[in-house]
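Trainee: Dropping in target.txt, with compact mmCIF, C-alpha atoms.
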```txt
# COMPACT_ATOMS: atom_id res chain seq x y z
CA MET P 29 33.93 -47.18 -10.46
CA LEU P 30 33.42 -44.00 -12.53
CA THR P 31 36.01 -43.43 -15.25
CA ARG P 32 35.26 -40.05 -16.86
CA ILE P 33 32.76 -37.32 -17.50
CA ASP P 34 30.87 -38.95 -20.35
CA HIS P 35 28.78 -35.90 -21.21
CA ILE P 36 27.08 -32.77 -20.03
CA GLY P 37 23.41 -32.66 -21.03
CA ILE P 38 22.12 -29.26 -22.14
CA ALA P 39 18.39 -28.70 -22.61
CA CYS P 40 17.42 -26.39 -25.48
CA PHE P 41 14.29 -25.19 -27.25
CA ASP P 42 15.74 -25.38 -30.78
CA LEU P 43 18.29 -28.13 -31.41
CA ASP P 44 19.38 -26.92 -34.86
CA LYS P 45 19.96 -23.36 -33.64
CA THR P 46 21.87 -24.60 -30.57
CA VAL P 47 24.04 -26.95 -32.66
CA GLU P 48 24.87 -24.04 -34.96
CA PHE P 49 25.90 -21.92 -31.95
CA TYR P 50 28.33 -24.60 -30.71
CA ARG P 51 29.67 -25.15 -34.24
CA ALA P 52 30.18 -21.43 -35.02
CA THR P 53 31.46 -20.46 -31.57
CA TYR P 54 33.65 -23.40 -30.57
CA GLY P 55 34.07 -25.47 -33.73
CA PHE P 56 32.29 -28.51 -32.24
CA GLU P 57 30.70 -30.84 -34.78
CA VAL P 58 27.84 -33.31 -34.40
CA PHE P 59 29.26 -36.77 -33.82
CA HIS P 60 25.88 -38.49 -33.51
CA SER P 61 22.22 -37.51 -33.58
CA GLU P 62 19.03 -39.42 -32.87
CA VAL P 63 15.47 -39.24 -31.60
CA ASN P 64 14.84 -41.12 -28.36
CA GLU P 65 11.09 -41.80 -28.43
CA GLU P 66 11.06 -43.31 -24.93
CA GLN P 67 12.53 -40.15 -23.40
CA GLY P 68 10.76 -37.79 -25.80
CA VAL P 69 13.86 -35.97 -27.05
CA ARG P 70 15.77 -35.21 -30.20
CA GLU P 71 19.46 -35.02 -29.42
CA ALA P 72 22.86 -34.25 -30.83
CA MET P 73 26.12 -35.46 -29.33
CA LEU P 74 29.04 -33.09 -29.91
CA LYS P 75 32.36 -34.84 -29.33
CA ILE P 76 34.79 -32.80 -27.28
CA ASN P 77 37.70 -35.23 -26.91
CA ASP P 78 38.76 -38.85 -26.59
CA THR P 79 39.55 -40.22 -23.12
CA SER P 80 42.24 -42.53 -21.79
CA ASP P 81 39.76 -45.37 -21.14
CA GLY P 82 38.80 -45.63 -24.81
CA GLY P 83 35.67 -43.52 -24.43
CA ALA P 84 35.04 -39.87 -25.17
CA SER P 85 33.54 -36.75 -23.62
CA TYR P 86 30.59 -35.03 -25.26
CA LEU P 87 28.09 -32.23 -24.98
CA GLN P 88 24.60 -33.69 -25.38
CA LEU P 89 22.09 -31.18 -26.70
CA LEU P 90 18.47 -32.14 -25.93
CA GLU P 91 15.30 -30.77 -27.53
CA PRO P 92 11.95 -32.17 -26.35
CA THR P 93 9.72 -33.81 -28.96
CA ARG P 94 6.61 -33.77 -26.78
CA GLU P 95 5.29 -31.61 -23.95
CA ASP P 96 5.09 -34.44 -21.40
CA SER P 97 8.78 -35.36 -21.65
CA THR P 98 11.07 -34.79 -18.68
CA VAL P 99 13.19 -32.34 -20.69
CA ALA P 100 10.12 -30.32 -21.78
CA LYS P 101 8.98 -30.03 -18.18
CA TRP P 102 12.48 -29.05 -17.08
CA LEU P 103 12.71 -26.37 -19.82
CA ALA P 104 9.32 -24.94 -18.83
CA LYS P 105 10.52 -24.56 -15.25
CA ASN P 106 14.19 -23.60 -15.76
CA GLY P 107 14.72 -22.43 -19.34
CA GLU P 108 17.68 -23.49 -21.43
CA GLY P 109 20.86 -24.67 -19.76
CA VAL P 110 22.71 -27.51 -18.11
CA HIS P 111 20.24 -30.33 -17.45
CA HIS P 112 22.51 -33.10 -16.13
CA ILE P 113 26.02 -34.48 -15.85
CA ALA P 114 26.83 -38.03 -16.91
CA PHE P 115 29.69 -40.16 -15.64
CA GLY P 116 31.07 -43.07 -17.64
CA THR P 117 31.41 -46.48 -16.04
CA ALA P 118 32.24 -49.98 -17.27
CA ASP P 119 29.42 -51.42 -15.11
CA VAL P 120 26.30 -49.25 -14.83
CA ASP P 121 24.41 -52.03 -13.01
CA GLY P 122 27.07 -52.67 -10.38
CA ASP P 123 27.90 -49.02 -9.81
CA ALA P 124 24.21 -48.06 -9.52
CA ASP P 125 23.72 -50.80 -6.93
CA GLU P 126 26.79 -49.66 -4.98
CA ILE P 127 25.65 -46.03 -5.02
CA LYS P 128 22.12 -47.06 -4.02
CA GLY P 129 23.66 -48.89 -1.05
CA LYS P 130 25.07 -45.52 0.06
CA GLY P 131 21.57 -44.05 0.30
CA VAL P 132 21.30 -42.37 -3.10
CA ARG P 133 18.04 -42.97 -4.97
CA VAL P 134 18.45 -44.58 -8.41
CA LEU P 135 15.62 -43.52 -10.71
CA TYR P 136 15.38 -46.67 -12.89
CA GLU P 137 15.04 -50.19 -11.50
CA GLU P 138 16.95 -51.49 -14.53
CA PRO P 139 19.21 -49.40 -16.79
CA ARG P 140 17.62 -48.22 -20.03
CA ARG P 141 18.88 -47.61 -23.55
CA GLY P 142 20.59 -44.25 -23.94
CA SER P 143 22.38 -42.40 -26.72
CA MET P 144 24.41 -44.39 -29.23
CA GLY P 145 23.25 -47.72 -27.78
CA SER P 146 24.54 -47.02 -24.27
CA ARG P 147 23.01 -48.32 -21.03
CA ILE P 148 22.00 -45.60 -18.58
CA THR P 149 20.38 -44.82 -15.27
CA PHE P 150 19.90 -41.60 -13.32
CA LEU P 151 20.48 -40.64 -9.69
CA HIS P 152 17.97 -38.40 -7.92
CA PRO P 153 19.13 -34.77 -7.90
CA LYS P 154 17.95 -34.22 -4.32
CA ASP P 155 20.46 -36.88 -3.23
CA CYS P 156 23.26 -35.37 -5.38
CA HIS P 157 23.28 -31.77 -4.14
CA GLY P 158 20.77 -30.60 -6.75
CA VAL P 159 22.49 -32.20 -9.75
CA LEU P 160 20.66 -34.73 -11.91
CA THR P 161 23.38 -37.35 -12.41
CA GLU P 162 23.48 -40.03 -15.08
CA LEU P 163 25.59 -43.19 -15.10
CA VAL P 164 26.53 -44.45 -18.58
CA THR P 165 28.05 -47.64 -19.91
CA SER P 166 28.90 -46.80 -23.51
CA ALA P 167 28.38 -49.19 -26.38
CA PRO P 168 31.45 -49.68 -28.57
CA VAL P 169 31.65 -46.86 -31.12
CA GLU P 170 33.25 -47.74 -34.43
CA SER P 171 32.33 -44.73 -36.54
CA PRO P 172 30.15 -41.62 -36.34
CA GLU P 173 26.46 -41.99 -37.13
CA HIS P 174 24.56 -38.97 -38.35
```
Before anything else, please render the file you have as structure tokens.
Mentor:
Amino acid sequence: MLTRIDHIGIACFDLDKTVEFYRATYGFEVFHSEVNEEQGVREAMLKINDTSDGGASYLQLLEPTREDSTVAKWLAKNGEGVHHIAFGTADVDGDADEIKGKGVRVLYEEPRRGSMGSRITFLHPKDCHGVLTELVTSAPVESPEH
């Protein structure tokens, strides 16, 4: 089922300032950045390490691009910090269905496009002990995109 921690999502008010903190403090570099219009965020993926299943683990820094986005609403309520945890899977559809069968609410009927061309869905935090949980099937990554 789940193969790794794909990423930890961190909500921030200023993406550039937050990226600089992680670069200066820990030496992490931006592996990929993009704007996801559907989700209303500008994001940077900082690669932490490669994993044994051919994937990688990242920190995903998220800055809202509009006030009605989920991340903007979350920041207004909670301030900056850990927003969600994402687990990697080879089959986001099958694993979401299996987890749904165990009584956990899946937030999207069909997986959506996520970072770097991945397919994603989320699990309701109230069913996951207060943790917004994302399931991710990564697209093949050949080289960094900036």
Trainee: Taking all atoms listed in the file into account, which of P:Ala167, P:Leu74, P:Met144, P:Cys156 comes nearest Asp119 in chain P?
Mentor: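 The closest residue to Asp119 in chain P is P:Ala167.
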Trainee: May I have the residues within 10 Å of range 111-117 of chain P as a PyMOL selection string, using all atoms listed in the file and disregarding those fewer than 4 positions away in the same chain?
Mentor: chain P and resi 29-40+81+83-90+99+102-103+106-107+121-124+147-151+153+158-166
Trainee: Calculated over all atoms listed in the file, which of the candidates P:Glu48, P:Met73, P:Asp155, P:Arg141 has the smallest distance to Ile127 in chain P?
Mentor: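 Once distances to Ile127 in chain P are computed over all atoms listed in the file, the minimum belongs to P:Asp155.
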Trainee: What lies within 10 Å of Glu66 in chain P using only C-alpha atoms, ignoring chain neighbours under 3 positions off, as a list in words?
Mentor: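 The residues satisfying every condition are Val63, Val69, Ser97, Arg140, Arg141 and Gly142 of chain P.
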Trainee: Could you please determine the separation between CA of Thr79 in chain P and CA of Pro139 in chain P in Å, to one decimal place?
Mentor: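 Separation of CA of Thr79 in chain P and CA of Pro139 in chain P: 23.2 Å.
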Trainee: Using all atoms listed in the file, which residue out of P:Ser146, P:Thr93, P:Phe56, P:Glu62 lies closest to Asn77 in chain P?
Mentor: P:Phe56
Trainee: What is the distance between CA of Val47 in chain P and CA of Ser143 in chain P, in Å to one decimal?
Mentor: 16.6 Å
Trainee: Measure the distance from CA of Tyr54 in chain P to CA of Ala100 in chain P in Å and round it to one decimal.
Mentor: 26.1 Å
Trainee: Build an axis-aligned box that encloses every atom of range 63-82 of chain P listed in the file, pad it by 6 Å on each side, and report its centre and edge lengths in Å to one decimal, as JSON.
Mentor:
```
{"center_x": 26.5, "center_y": -39.2, "center_z": -26.4, "size_x": 43.5, "size_y": 24.8, "size_z": 22.5}
```
Trainee: So, counting only C-alpha atoms, which residue among P:Ala72, P:Lys45, P:His157, P:Gly145 is closest to His60 in chain P?
Mentor: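 Among the listed residues, the smallest separation from His60 in chain P belongs to P:Ala72.
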Trainee: Counting all atoms listed in the file, which of P:Leu135, P:Ala118, P:Pro92, P:His152 gets nearest to Phe41 in chain P?
Mentor: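 Closest residue, counting all atoms listed in the file: P:Pro92.
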Trainee: Could you complete range 143-164 of chain P so that it carries N, CA, C and O atoms, and give it back as an mmCIF file, keeping the file's coordinate frame?
Mentor:
```cif
data_model
loop_
_atom_site.group_PDB
_atom_site.id
_atom_site.type_symbol
_atom_site.label_atom_id
_atom_site.label_comp_id
_atom_site.auth_asym_id
_atom_site.auth_seq_id
_atom_site.Cartn_x
_atom_site.Cartn_y
_atom_site.Cartn_z
ATOM 1 N N SER P 143 21.789 -42.828 -25.448
ATOM 2 C CA SER P 143 22.380 -42.400 -26.720
ATOM 3 C C SER P 143 23.391 -43.401 -27.237
ATOM 4 O O SER P 143 24.142 -44.009 -26.466
ATOM 5 N N MET P 144 23.421 -43.565 -28.528
ATOM 6 C CA MET P 144 24.410 -44.390 -29.230
ATOM 7 C C MET P 144 24.457 -45.814 -28.704
ATOM 8 O O MET P 144 25.506 -46.434 -28.667
ATOM 9 N N GLY P 145 23.318 -46.336 -28.244
ATOM 10 C CA GLY P 145 23.250 -47.720 -27.780
ATOM 11 C C GLY P 145 23.797 -47.942 -26.376
ATOM 12 O O GLY P 145 23.993 -49.081 -25.963
ATOM 13 N N SER P 146 24.013 -46.884 -25.637
ATOM 14 C CA SER P 146 24.540 -47.020 -24.270
ATOM 15 C C SER P 146 23.480 -47.556 -23.331
ATOM 16 O O SER P 146 22.301 -47.637 -23.662
ATOM 17 N N ARG P 147 23.914 -47.930 -22.116
ATOM 18 C CA ARG P 147 23.010 -48.320 -21.030
ATOM 19 C C ARG P 147 23.134 -47.254 -19.960
ATOM 20 O O ARG P 147 24.253 -46.896 -19.564
ATOM 21 N N ILE P 148 21.988 -46.748 -19.486
ATOM 22 C CA ILE P 148 22.000 -45.600 -18.580
ATOM 23 C C ILE P 148 21.055 -45.779 -17.403
ATOM 24 O O ILE P 148 20.101 -46.557 -17.465
ATOM 25 N N THR P 149 21.329 -45.046 -16.356
ATOM 26 C CA THR P 149 20.380 -44.820 -15.270
ATOM 27 C C THR P 149 20.680 -43.447 -14.699
ATOM 28 O O THR P 149 21.733 -42.849 -14.985
ATOM 29 N N PHE P 150 19.745 -42.921 -13.926
ATOM 30 C CA PHE P 150 19.900 -41.600 -13.320
ATOM 31 C C PHE P 150 19.834 -41.711 -11.801
ATOM 32 O O PHE P 150 19.173 -42.598 -11.261
ATOM 33 N N LEU P 151 20.508 -40.768 -11.141
ATOM 34 C CA LEU P 151 20.480 -40.640 -9.690
ATOM 35 C C LEU P 151 19.659 -39.400 -9.345
ATOM 36 O O LEU P 151 19.732 -38.380 -10.044
ATOM 37 N N HIS P 152 18.877 -39.488 -8.286
ATOM 38 C CA HIS P 152 17.970 -38.400 -7.920
ATOM 39 C C HIS P 152 18.753 -37.136 -7.575
ATOM 40 O O HIS P 152 19.685 -37.178 -6.760
ATOM 41 N N PRO P 153 18.378 -36.003 -8.170
ATOM 42 C CA PRO P 153 19.130 -34.770 -7.900
ATOM 43 C C PRO P 153 19.084 -34.327 -6.439
ATOM 44 O O PRO P 153 20.043 -33.729 -5.957
ATOM 45 N N LYS P 154 18.028 -34.634 -5.734
ATOM 46 C CA LYS P 154 17.950 -34.220 -4.320
ATOM 47 C C LYS P 154 18.966 -34.969 -3.468
ATOM 48 O O LYS P 154 19.331 -34.505 -2.392
ATOM 49 N N ASP P 155 19.444 -36.114 -3.945
ATOM 50 C CA ASP P 155 20.460 -36.880 -3.230
ATOM 51 C C ASP P 155 21.870 -36.545 -3.711
ATOM 52 O O ASP P 155 22.847 -37.049 -3.160
ATOM 53 N N CYS P 156 21.967 -35.706 -4.766
ATOM 54 C CA CYS P 156 23.260 -35.370 -5.380
ATOM 55 C C CYS P 156 23.475 -33.856 -5.398
ATOM 56 O O CYS P 156 23.953 -33.288 -6.385
ATOM 57 N N HIS P 157 23.088 -33.210 -4.313
ATOM 58 C CA HIS P 157 23.280 -31.770 -4.140
ATOM 59 C C HIS P 157 22.692 -30.956 -5.289
ATOM 60 O O HIS P 157 23.299 -29.994 -5.777
ATOM 61 N N GLY P 158 21.494 -31.350 -5.735
ATOM 62 C CA GLY P 158 20.770 -30.600 -6.750
ATOM 63 C C GLY P 158 21.154 -30.904 -8.186
ATOM 64 O O GLY P 158 20.658 -30.261 -9.099
ATOM 65 N N VAL P 159 22.025 -31.889 -8.398
ATOM 66 C CA VAL P 159 22.490 -32.200 -9.750
ATOM 67 C C VAL P 159 21.902 -33.530 -10.210
ATOM 68 O O VAL P 159 22.154 -34.574 -9.592
ATOM 69 N N LEU P 160 21.105 -33.501 -11.284
ATOM 70 C CA LEU P 160 20.660 -34.730 -11.910
ATOM 71 C C LEU P 160 21.898 -35.410 -12.476
ATOM 72 O O LEU P 160 22.646 -34.814 -13.250
ATOM 73 N N THR P 161 22.151 -36.644 -12.049
ATOM 74 C CA THR P 161 23.380 -37.350 -12.410
ATOM 75 C C THR P 161 23.029 -38.634 -13.138
ATOM 76 O O THR P 161 22.172 -39.396 -12.698
ATOM 77 N N GLU P 162 23.702 -38.848 -14.259
ATOM 78 C CA GLU P 162 23.480 -40.030 -15.080
ATOM 79 C C GLU P 162 24.722 -40.916 -15.017
ATOM 80 O O GLU P 162 25.844 -40.414 -14.988
ATOM 81 N N LEU P 163 24.504 -42.220 -14.975
ATOM 82 C CA LEU P 163 25.590 -43.190 -15.100
ATOM 83 C C LEU P 163 25.446 -43.848 -16.467
ATOM 84 O O LEU P 163 24.338 -44.244 -16.854
ATOM 85 N N VAL P 164 26.555 -43.980 -17.193
ATOM 86 C CA VAL P 164 26.530 -44.450 -18.580
ATOM 87 C C VAL P 164 27.568 -45.531 -18.809
ATOM 88 O O VAL P 164 28.743 -45.339 -18.506
#
```
